[in-house]
file run18.cif (mmCIF, N, CA, C and O atoms and all ligand atoms)
data_coords
loop_
_atom_site.label_atom_id
_atom_site.label_comp_id
_atom_site.auth_asym_id
_atom_site.auth_seq_id
_atom_site.Cartn_x
_atom_site.Cartn_y
_atom_site.Cartn_z
N MET K 1 -5.69 3.15 1.54
CA MET K 1 -6.48 2.94 2.74
C MET K 1 -7.41 1.77 2.49
O MET K 1 -8.04 1.69 1.44
N ARG K 2 -7.45 0.83 3.44
CA ARG K 2 -8.26 -0.36 3.22
C ARG K 2 -9.21 -0.62 4.39
O ARG K 2 -8.90 -0.29 5.52
N GLN K 3 -10.32 -1.17 4.01
CA GLN K 3 -11.32 -1.55 5.00
C GLN K 3 -11.63 -3.03 4.78
O GLN K 3 -11.95 -3.43 3.66
N TYR K 4 -11.50 -3.80 5.84
CA TYR K 4 -11.76 -5.24 5.73
C TYR K 4 -13.19 -5.56 6.12
O TYR K 4 -13.84 -4.80 6.85
N LEU K 5 -13.67 -6.69 5.63
CA LEU K 5 -14.97 -7.17 6.05
C LEU K 5 -14.91 -7.44 7.54
O LEU K 5 -13.86 -7.83 8.06
N GLU K 6 -15.99 -7.24 8.21
CA GLU K 6 -16.01 -7.38 9.66
C GLU K 6 -15.53 -8.77 10.10
O GLU K 6 -15.99 -9.79 9.61
N GLY K 7 -14.56 -8.76 11.00
CA GLY K 7 -14.07 -10.01 11.57
C GLY K 7 -13.20 -10.84 10.64
O GLY K 7 -12.87 -11.98 10.96
N ASN K 8 -12.81 -10.27 9.48
CA ASN K 8 -11.99 -11.04 8.55
C ASN K 8 -10.89 -10.15 7.99
O ASN K 8 -11.10 -9.35 7.09
N LYS K 9 -9.68 -10.30 8.51
CA LYS K 9 -8.56 -9.44 8.11
C LYS K 9 -7.97 -9.83 6.75
O LYS K 9 -7.01 -9.25 6.29
N ARG K 10 -8.54 -10.83 6.09
CA ARG K 10 -8.01 -11.25 4.80
C ARG K 10 -8.91 -10.82 3.65
O ARG K 10 -8.46 -10.74 2.52
N SER K 11 -10.18 -10.57 3.96
CA SER K 11 -11.13 -10.24 2.90
C SER K 11 -11.44 -8.75 2.93
O SER K 11 -12.01 -8.23 3.88
N LEU K 12 -11.06 -8.06 1.84
CA LEU K 12 -11.25 -6.62 1.78
C LEU K 12 -12.68 -6.25 1.44
O LEU K 12 -13.32 -6.87 0.60
N LYS K 13 -13.15 -5.21 2.11
CA LYS K 13 -14.45 -4.63 1.77
C LYS K 13 -14.25 -3.60 0.66
O LYS K 13 -14.99 -3.55 -0.30
N TYR K 14 -13.21 -2.76 0.83
CA TYR K 14 -12.79 -1.84 -0.23
C TYR K 14 -11.36 -1.39 0.02
O TYR K 14 -10.84 -1.50 1.13
N ILE K 15 -10.73 -0.91 -1.04
CA ILE K 15 -9.37 -0.37 -0.93
C ILE K 15 -9.31 0.87 -1.81
O ILE K 15 -9.77 0.85 -2.95
N VAL K 16 -8.79 1.95 -1.25
CA VAL K 16 -8.78 3.25 -1.92
C VAL K 16 -7.34 3.75 -1.97
O VAL K 16 -6.60 3.64 -0.99
N CYS K 17 -6.95 4.31 -3.11
CA CYS K 17 -5.62 4.91 -3.23
C CYS K 17 -5.57 6.17 -2.36
O CYS K 17 -6.42 7.06 -2.51
N ASN K 18 -4.61 6.23 -1.46
CA ASN K 18 -4.49 7.38 -0.57
C ASN K 18 -4.16 8.67 -1.33
O ASN K 18 -4.52 9.76 -0.88
N GLN K 19 -3.47 8.54 -2.48
CA GLN K 19 -3.05 9.73 -3.22
C GLN K 19 -4.20 10.34 -4.04
O GLN K 19 -4.47 11.52 -3.93
N CYS K 20 -4.88 9.53 -4.85
CA CYS K 20 -5.89 10.08 -5.77
C CYS K 20 -7.33 9.78 -5.33
O CYS K 20 -8.27 10.32 -5.89
N GLY K 21 -7.49 8.91 -4.35
CA GLY K 21 -8.83 8.63 -3.83
C GLY K 21 -9.63 7.63 -4.65
O GLY K 21 -10.79 7.37 -4.34
N ARG K 22 -9.01 7.07 -5.68
CA ARG K 22 -9.74 6.12 -6.54
C ARG K 22 -9.89 4.77 -5.83
O ARG K 22 -8.96 4.25 -5.21
N GLU K 23 -11.09 4.24 -5.91
CA GLU K 23 -11.35 2.93 -5.33
C GLU K 23 -10.84 1.87 -6.31
O GLU K 23 -11.17 1.90 -7.49
N MET K 24 -10.05 0.96 -5.82
CA MET K 24 -9.45 -0.06 -6.69
C MET K 24 -10.39 -1.25 -6.85
O MET K 24 -11.26 -1.49 -6.01
N LYS K 25 -10.17 -1.98 -7.95
CA LYS K 25 -11.05 -3.10 -8.28
C LYS K 25 -10.83 -4.27 -7.33
O LYS K 25 -9.70 -4.68 -7.09
N LEU K 26 -11.95 -4.79 -6.84
CA LEU K 26 -11.91 -5.96 -5.96
C LEU K 26 -12.79 -7.05 -6.55
O LEU K 26 -13.80 -6.78 -7.19
N GLU K 27 -12.38 -8.29 -6.32
CA GLU K 27 -13.23 -9.42 -6.68
C GLU K 27 -13.10 -10.43 -5.54
O GLU K 27 -12.00 -10.90 -5.25
N ASN K 28 -14.20 -10.73 -4.92
CA ASN K 28 -14.22 -11.63 -3.75
C ASN K 28 -13.21 -11.21 -2.69
O ASN K 28 -12.53 -12.04 -2.10
N GLY K 29 -13.08 -9.90 -2.49
CA GLY K 29 -12.21 -9.39 -1.44
C GLY K 29 -10.74 -9.36 -1.80
O GLY K 29 -9.91 -9.08 -0.95
N ILE K 30 -10.42 -9.63 -3.06
CA ILE K 30 -9.02 -9.65 -3.49
C ILE K 30 -8.81 -8.56 -4.53
O ILE K 30 -9.58 -8.42 -5.48
N VAL K 31 -7.72 -7.78 -4.39
CA VAL K 31 -7.42 -6.68 -5.30
C VAL K 31 -7.09 -7.22 -6.68
O VAL K 31 -6.29 -8.16 -6.81
N GLN K 32 -7.69 -6.61 -7.70
CA GLN K 32 -7.53 -7.10 -9.08
C GLN K 32 -6.65 -6.18 -9.92
O GLN K 32 -6.77 -6.15 -11.14
N GLU K 33 -5.78 -5.41 -9.28
CA GLU K 33 -4.86 -4.54 -10.02
C GLU K 33 -3.63 -4.30 -9.16
O GLU K 33 -3.60 -4.70 -8.00
N GLY K 34 -2.64 -3.64 -9.76
CA GLY K 34 -1.40 -3.38 -9.03
C GLY K 34 -1.63 -2.38 -7.92
O GLY K 34 -2.30 -1.37 -8.11
N VAL K 35 -1.08 -2.66 -6.76
CA VAL K 35 -1.21 -1.76 -5.62
C VAL K 35 0.08 -1.79 -4.82
O VAL K 35 0.71 -2.84 -4.68
N TYR K 36 0.48 -0.61 -4.36
CA TYR K 36 1.63 -0.52 -3.45
C TYR K 36 1.09 -0.26 -2.06
O TYR K 36 0.34 0.70 -1.85
N SER K 37 1.44 -1.13 -1.13
CA SER K 37 1.01 -0.96 0.26
C SER K 37 2.21 -0.55 1.09
O SER K 37 3.16 -1.32 1.22
N GLY K 38 2.18 0.67 1.58
CA GLY K 38 3.31 1.19 2.34
C GLY K 38 3.06 1.14 3.83
O GLY K 38 1.92 1.28 4.30
N GLU K 39 4.14 0.90 4.56
CA GLU K 39 4.05 0.88 6.02
C GLU K 39 5.33 1.50 6.58
O GLU K 39 6.42 1.17 6.12
N ALA K 40 5.19 2.42 7.50
CA ALA K 40 6.34 3.01 8.18
C ALA K 40 6.12 2.89 9.68
O ALA K 40 5.07 3.30 10.19
N ARG K 41 7.09 2.32 10.34
CA ARG K 41 7.05 2.23 11.81
C ARG K 41 8.07 3.22 12.33
O ARG K 41 9.27 3.07 12.09
N TRP K 42 7.58 4.25 13.01
CA TRP K 42 8.45 5.32 13.47
C TRP K 42 8.94 5.03 14.88
O TRP K 42 8.17 4.75 15.78
N GLY K 43 10.23 5.15 15.03
CA GLY K 43 10.85 4.80 16.31
C GLY K 43 11.27 6.01 17.13
O GLY K 43 10.93 7.16 16.83
N TYR K 44 12.03 5.72 18.13
CA TYR K 44 12.43 6.69 19.15
C TYR K 44 13.13 7.92 18.59
O TYR K 44 12.91 9.03 19.06
N PHE K 45 13.96 7.75 17.57
CA PHE K 45 14.74 8.87 17.06
C PHE K 45 13.99 9.73 16.04
O PHE K 45 14.55 10.65 15.47
N SER K 46 12.74 9.42 15.81
CA SER K 46 11.93 10.21 14.87
C SER K 46 11.05 11.19 15.64
O SER K 46 10.96 11.14 16.87
N GLN K 47 10.37 12.03 14.89
CA GLN K 47 9.41 12.96 15.48
C GLN K 47 8.05 12.29 15.70
O GLN K 47 7.12 12.91 16.22
N LYS K 48 7.92 11.06 15.23
CA LYS K 48 6.63 10.34 15.31
C LYS K 48 6.76 9.09 16.15
O LYS K 48 6.16 8.05 15.86
N ASP K 49 7.55 9.15 17.17
CA ASP K 49 7.87 8.00 18.00
C ASP K 49 6.64 7.16 18.36
O ASP K 49 5.67 7.68 18.91
N GLY K 50 6.70 5.89 18.01
CA GLY K 50 5.64 4.97 18.37
C GLY K 50 4.48 4.91 17.40
O GLY K 50 3.55 4.14 17.59
N GLU K 51 4.54 5.71 16.32
CA GLU K 51 3.44 5.69 15.35
C GLU K 51 3.72 4.70 14.23
O GLU K 51 4.87 4.50 13.83
N ARG K 52 2.65 4.11 13.72
CA ARG K 52 2.73 3.21 12.57
C ARG K 52 1.85 3.80 11.49
O ARG K 52 0.67 4.04 11.72
N HIS K 53 2.42 4.07 10.33
CA HIS K 53 1.66 4.69 9.23
C HIS K 53 1.44 3.67 8.13
O HIS K 53 2.38 2.98 7.72
N LEU K 54 0.22 3.58 7.64
CA LEU K 54 -0.14 2.64 6.58
C LEU K 54 -0.83 3.41 5.46
O LEU K 54 -1.62 4.31 5.72
N PHE K 55 -0.50 3.06 4.22
CA PHE K 55 -1.20 3.66 3.09
C PHE K 55 -1.09 2.75 1.87
O PHE K 55 -0.25 1.86 1.82
N ASP K 56 -1.99 3.00 0.92
CA ASP K 56 -2.00 2.24 -0.33
C ASP K 56 -1.98 3.22 -1.50
O ASP K 56 -2.61 4.27 -1.44
N LEU K 57 -1.26 2.87 -2.55
CA LEU K 57 -1.22 3.66 -3.77
C LEU K 57 -1.57 2.80 -4.96
O LEU K 57 -1.12 1.65 -5.06
N CYS K 58 -2.37 3.38 -5.88
CA CYS K 58 -2.64 2.68 -7.14
C CYS K 58 -1.35 2.71 -7.96
O CYS K 58 -0.41 3.45 -7.65
N GLU K 59 -1.31 1.92 -9.01
CA GLU K 59 -0.08 1.80 -9.79
C GLU K 59 0.32 3.13 -10.42
O GLU K 59 1.51 3.47 -10.48
N GLU K 60 -0.66 3.91 -10.87
CA GLU K 60 -0.35 5.20 -11.49
C GLU K 60 0.28 6.16 -10.48
O GLU K 60 1.28 6.83 -10.77
N CYS K 61 -0.30 6.23 -9.28
CA CYS K 61 0.25 7.14 -8.26
C CYS K 61 1.61 6.65 -7.77
O CYS K 61 2.49 7.46 -7.46
N TYR K 62 1.81 5.34 -7.73
CA TYR K 62 3.12 4.79 -7.39
C TYR K 62 4.14 5.26 -8.42
O TYR K 62 5.24 5.70 -8.08
N GLY K 63 3.75 5.19 -9.71
CA GLY K 63 4.64 5.62 -10.78
C GLY K 63 4.96 7.10 -10.69
O GLY K 63 6.09 7.52 -10.93
N ASN K 64 3.96 7.92 -10.34
CA ASN K 64 4.19 9.36 -10.20
C ASN K 64 5.13 9.65 -9.04
O ASN K 64 6.00 10.52 -9.13
N LEU K 65 4.97 8.92 -7.94
CA LEU K 65 5.83 9.12 -6.77
C LEU K 65 7.26 8.71 -7.08
O LEU K 65 8.20 9.49 -6.93
N THR K 66 7.43 7.48 -7.54
CA THR K 66 8.79 6.96 -7.75
C THR K 66 9.44 7.62 -8.96
O THR K 66 10.67 7.71 -9.02
N GLY K 67 8.63 8.13 -9.91
CA GLY K 67 9.18 8.82 -11.07
C GLY K 67 9.88 10.12 -10.69
O GLY K 67 10.68 10.64 -11.45
N GLY K 68 9.58 10.64 -9.49
CA GLY K 68 10.22 11.86 -9.02
C GLY K 68 11.48 11.61 -8.22
O GLY K 68 12.13 12.55 -7.77
N PHE K 69 11.83 10.34 -8.03
CA PHE K 69 13.04 10.01 -7.28
C PHE K 69 14.29 10.45 -8.05
O PHE K 69 14.36 10.27 -9.27
N LEU K 70 15.27 10.98 -7.35
CA LEU K 70 16.56 11.29 -7.96
C LEU K 70 17.26 10.00 -8.36
O LEU K 70 17.85 9.88 -9.43
N ILE K 71 17.17 9.02 -7.49
CA ILE K 71 17.77 7.71 -7.75
C ILE K 71 16.61 6.73 -8.00
O ILE K 71 15.75 6.58 -7.13
N PRO K 72 16.56 6.12 -9.16
CA PRO K 72 15.41 5.25 -9.47
C PRO K 72 15.32 4.04 -8.54
O PRO K 72 16.32 3.64 -7.93
N VAL K 73 14.12 3.50 -8.46
CA VAL K 73 13.92 2.30 -7.64
C VAL K 73 14.75 1.16 -8.22
O VAL K 73 15.07 1.14 -9.40
N THR K 74 15.10 0.23 -7.37
CA THR K 74 15.78 -0.98 -7.82
C THR K 74 14.73 -1.94 -8.36
O THR K 74 13.74 -2.22 -7.67
N VAL K 75 14.91 -2.40 -9.57
CA VAL K 75 13.95 -3.31 -10.20
C VAL K 75 14.60 -4.68 -10.35
O VAL K 75 15.70 -4.79 -10.90
N GLU K 76 13.93 -5.68 -9.84
CA GLU K 76 14.40 -7.05 -9.99
C GLU K 76 13.26 -7.88 -10.56
O GLU K 76 12.10 -7.53 -10.39
N ASP K 77 13.58 -8.97 -11.21
CA ASP K 77 12.55 -9.88 -11.70
C ASP K 77 11.92 -10.61 -10.52
O ASP K 77 12.63 -11.06 -9.62
N GLU K 78 10.60 -10.70 -10.55
CA GLU K 78 9.87 -11.43 -9.51
C GLU K 78 9.70 -12.87 -9.99
O GLU K 78 9.10 -13.11 -11.03
N THR K 79 10.27 -13.79 -9.22
CA THR K 79 10.18 -15.20 -9.64
C THR K 79 8.96 -15.89 -9.06
O THR K 79 8.48 -16.86 -9.61
N GLU K 80 8.44 -15.36 -7.95
CA GLU K 80 7.25 -15.96 -7.35
C GLU K 80 6.12 -14.95 -7.40
O GLU K 80 6.25 -13.86 -6.87
N PHE K 81 5.04 -15.33 -8.03
CA PHE K 81 3.89 -14.44 -8.10
C PHE K 81 2.91 -14.81 -7.01
O PHE K 81 2.68 -15.99 -6.74
N LEU K 82 2.35 -13.76 -6.39
CA LEU K 82 1.41 -13.99 -5.30
C LEU K 82 0.04 -14.28 -5.83
O LEU K 82 -0.35 -13.84 -6.87
ZN ZN K 101 -3.94 6.72 -7.12
#
call {"tool": "encode", "arguments": {"input": "run18.cif", "output": "structure tokens"}}
result
Amino acid sequence: MRQYLEGNKRSLKYIVCNQCGREMKLENGIVQEGVYSGEARWGYFSQKDGERHLFDLCEECYGNLTGGFLIPVTVEDETEFL
């Protein structure tokens, strides 16, 4: 879950892991650690038609979630760093 500085959608005020509630490290509005930002847009054939869900996970909670997958995540080398 993230809160931006007023009137600035690029500069974060704070970001909190939705799973464990830990506030992640920020420096000048930029996250200083690994974070997974999830977004689901639910359409007509779902039970949540028209809803958009957003959440953030710290790296540890991401690992706990994906570590429970029957089929592991696909891992590729990242050639461009943000
Ligand atoms: Zn967490």
call {"tool": "closest_residue", "arguments": {"input": "run18.cif", "among": "K:Glu23, K:Asp49, K:Glu39, K:Glu80", "to": "ligand ZN 101 (chain K)", "atoms": "only N, CA, C and O atoms and all ligand atoms"}}
result
K:Glu23
call {"tool": "atom_distance", "arguments": {"input": "run18.cif", "atom1": "atom N of Thr74 of chain K", "atom2": "atom O of Lys25 of chain K"}}
result
25.3 Å
call {"tool": "residues_around", "arguments": {"input": "run18.cif", "residues": "Arg52 of chain K", "least_positions_apart": "5", "cutoff": "7 Å", "atoms": "all atoms listed in the file", "output": "ChimeraX atom specification"}}
result
/K:39-42
call {"tool": "write_last_selection", "arguments": {"input": "run18.cif", "atoms": "N, CA, C and O atoms", "output": "PDB file, in the coordinates of the input"}}
result
ATOM      1  N   GLU K  39       4.140   0.900   4.560  1.00  0.00           N
ATOM      2  CA  GLU K  39       4.050   0.880   6.020  1.00  0.00           C
ATOM      3  C   GLU K  39       5.330   1.500   6.580  1.00  0.00           C
ATOM      4  O   GLU K  39       6.420   1.170   6.120  1.00  0.00           O
ATOM      5  N   ALA K  40       5.190   2.420   7.500  1.00  0.00           N
ATOM      6  CA  ALA K  40       6.340   3.010   8.180  1.00  0.00           C
ATOM      7  C   ALA K  40       6.120   2.890   9.680  1.00  0.00           C
ATOM      8  O   ALA K  40       5.070   3.300  10.190  1.00  0.00           O
ATOM      9  N   ARG K  41       7.090   2.320  10.340  1.00  0.00           N
ATOM     10  CA  ARG K  41       7.050   2.230  11.810  1.00  0.00           C
ATOM     11  C   ARG K  41       8.070   3.220  12.330  1.00  0.00           C
ATOM     12  O   ARG K  41       9.270   3.070  12.090  1.00  0.00           O
ATOM     13  N   TRP K  42       7.580   4.250  13.010  1.00  0.00           N
ATOM     14  CA  TRP K  42       8.450   5.320  13.470  1.00  0.00           C
ATOM     15  C   TRP K  42       8.940   5.030  14.880  1.00  0.00           C
ATOM     16  O   TRP K  42       8.170   4.750  15.780  1.00  0.00           O
TER      17      TRP K  42
END
call {"tool": "residues_near_ligand", "arguments": {"input": "run18.cif", "ligand": "ligand ZN 101 (chain K)", "cutoff": "7 Å", "atoms": "only C-alpha atoms and all ligand atoms", "output": "list in words"}}
result
Cys17, Asn18, Gln19, Cys20, Gly21, Arg22, Leu57, Cys58, Glu59, Glu60 and Cys61 of chain K
call {"tool": "select_by_dssp", "arguments": {"input": "run18.cif", "residues": "chain K", "states": "helix (DSSP H, G or I)", "output": "list in words"}}
result
Glu59, Glu60, Cys61, Tyr62, Gly63, Asn64, Leu65, Thr66 and Gly67 of chain K
call {"tool": "residues_around", "arguments": {"input": "run18.cif", "residues": "Leu12 of chain K", "least_positions_apart": "4", "cutoff": "4.5 Å", "atoms": "all atoms listed in the file", "output": "NGL selection string"}}
result
:K and (3-5 or 29)
call {"tool": "decode", "arguments": {"input": "run18.cif", "residues": "segment 25-66 of chain K", "atoms": "N, CA and C atoms", "output": "short mmCIF file (atom, residue, chain, number, x, y, z; two decimals), in the first residue's frame"}}
result
data_model
loop_
_atom_site.label_atom_id
_atom_site.label_comp_id
_atom_site.auth_asym_id
_atom_site.auth_seq_id
_atom_site.Cartn_x
_atom_site.Cartn_y
_atom_site.Cartn_z
N LYS K 25 11.87 1.08 3.17
CA LYS K 25 12.80 2.22 3.19
C LYS K 25 12.60 3.10 1.97
N LEU K 26 12.53 4.40 2.24
CA LEU K 26 12.41 5.39 1.17
C LEU K 26 13.54 6.40 1.30
N GLU K 27 13.98 6.90 0.16
CA GLU K 27 14.93 8.01 0.15
C GLU K 27 14.50 8.95 -0.96
N ASN K 28 14.20 10.16 -0.61
CA ASN K 28 13.69 11.16 -1.56
C ASN K 28 12.51 10.62 -2.36
N GLY K 29 11.64 9.87 -1.69
CA GLY K 29 10.42 9.39 -2.35
C GLY K 29 10.62 8.17 -3.22
N ILE K 30 11.82 7.58 -3.17
CA ILE K 30 12.10 6.41 -4.01
C ILE K 30 12.39 5.22 -3.11
N VAL K 31 11.79 4.06 -3.43
CA VAL K 31 11.96 2.85 -2.62
C VAL K 31 13.40 2.36 -2.72
N GLN K 32 13.97 2.03 -1.56
CA GLN K 32 15.39 1.63 -1.51
C GLN K 32 15.56 0.13 -1.24
N GLU K 33 14.56 -0.66 -1.59
CA GLU K 33 14.66 -2.12 -1.42
C GLU K 33 13.73 -2.79 -2.42
N GLY K 34 13.83 -4.11 -2.49
CA GLY K 34 13.01 -4.85 -3.43
C GLY K 34 11.54 -4.80 -3.03
N VAL K 35 10.68 -4.57 -3.99
CA VAL K 35 9.24 -4.52 -3.72
C VAL K 35 8.51 -5.11 -4.92
N TYR K 36 7.47 -5.87 -4.61
CA TYR K 36 6.59 -6.37 -5.67
C TYR K 36 5.30 -5.56 -5.61
N SER K 37 4.95 -4.95 -6.73
CA SER K 37 3.72 -4.18 -6.80
C SER K 37 2.73 -4.93 -7.66
N GLY K 38 1.67 -5.40 -7.05
CA GLY K 38 0.68 -6.20 -7.76
C GLY K 38 -0.54 -5.38 -8.14
N GLU K 39 -1.09 -5.72 -9.29
CA GLU K 39 -2.31 -5.06 -9.75
C GLU K 39 -3.19 -6.09 -10.44
N ALA K 40 -4.45 -6.14 -10.08
CA ALA K 40 -5.40 -7.02 -10.75
C ALA K 40 -6.60 -6.18 -11.18
N ARG K 41 -6.91 -6.29 -12.45
CA ARG K 41 -8.10 -5.61 -12.98
C ARG K 41 -9.13 -6.70 -13.25
N TRP K 42 -10.22 -6.64 -12.50
CA TRP K 42 -11.24 -7.69 -12.58
C TRP K 42 -12.30 -7.31 -13.60
N GLY K 43 -12.57 -8.23 -14.47
CA GLY K 43 -13.50 -7.96 -15.56
C GLY K 43 -14.86 -8.62 -15.38
N TYR K 44 -15.60 -8.59 -16.43
CA TYR K 44 -17.00 -9.01 -16.46
C TYR K 44 -17.22 -10.44 -15.97
N PHE K 45 -16.31 -11.35 -16.30
CA PHE K 45 -16.53 -12.75 -15.96
C PHE K 45 -16.08 -13.11 -14.54
N SER K 46 -15.65 -12.14 -13.79
CA SER K 46 -15.22 -12.38 -12.40
C SER K 46 -16.34 -11.99 -11.44
N GLN K 47 -16.10 -12.29 -10.18
CA GLN K 47 -17.04 -11.88 -9.13
C GLN K 47 -16.79 -10.44 -8.68
N LYS K 48 -15.73 -9.84 -9.21
CA LYS K 48 -15.34 -8.49 -8.79
C LYS K 48 -15.40 -7.52 -9.97
N ASP K 49 -16.34 -7.71 -10.82
CA ASP K 49 -16.45 -6.95 -12.07
C ASP K 49 -16.23 -5.45 -11.86
N GLY K 50 -15.27 -4.92 -12.58
CA GLY K 50 -15.02 -3.49 -12.55
C GLY K 50 -14.10 -3.02 -11.44
N GLU K 51 -13.61 -3.95 -10.61
CA GLU K 51 -12.72 -3.55 -9.53
C GLU K 51 -11.26 -3.64 -9.96
N ARG K 52 -10.45 -2.75 -9.41
CA ARG K 52 -9.00 -2.76 -9.63
C ARG K 52 -8.35 -2.90 -8.27
N HIS K 53 -7.55 -3.93 -8.10
CA HIS K 53 -6.91 -4.19 -6.80
C HIS K 53 -5.42 -3.90 -6.91
N LEU K 54 -4.89 -3.18 -5.94
CA LEU K 54 -3.47 -2.82 -5.92
C LEU K 54 -2.89 -3.21 -4.57
N PHE K 55 -1.67 -3.76 -4.59
CA PHE K 55 -0.99 -4.06 -3.34
C PHE K 55 0.51 -4.11 -3.56
N ASP K 56 1.24 -4.00 -2.45
CA ASP K 56 2.70 -4.07 -2.49
C ASP K 56 3.17 -5.11 -1.48
N LEU K 57 4.20 -5.85 -1.84
CA LEU K 57 4.80 -6.83 -0.94
C LEU K 57 6.29 -6.57 -0.83
N CYS K 58 6.81 -6.70 0.41
CA CYS K 58 8.26 -6.63 0.59
C CYS K 58 8.86 -7.91 0.00
N GLU K 59 10.16 -7.91 -0.16
CA GLU K 59 10.81 -9.04 -0.82
C GLU K 59 10.61 -10.33 -0.04
N GLU K 60 10.64 -10.26 1.29
CA GLU K 60 10.46 -11.46 2.10
C GLU K 60 9.06 -12.05 1.92
N CYS K 61 8.04 -11.18 1.95
CA CYS K 61 6.66 -11.68 1.78
C CYS K 61 6.43 -12.18 0.36
N TYR K 62 7.08 -11.56 -0.61
CA TYR K 62 7.00 -12.05 -1.99
C TYR K 62 7.57 -13.47 -2.05
N GLY K 63 8.71 -13.68 -1.37
CA GLY K 63 9.34 -15.00 -1.35
C GLY K 63 8.45 -16.02 -0.67
N ASN K 64 7.79 -15.63 0.42
CA ASN K 64 6.89 -16.55 1.12
C ASN K 64 5.70 -16.92 0.25
N LEU K 65 5.17 -15.94 -0.48
CA LEU K 65 4.02 -16.20 -1.36
C LEU K 65 4.42 -17.11 -2.51
N THR K 66 5.44 -16.73 -3.24
CA THR K 66 5.82 -17.49 -4.43
C THR K 66 6.45 -18.83 -4.05
#
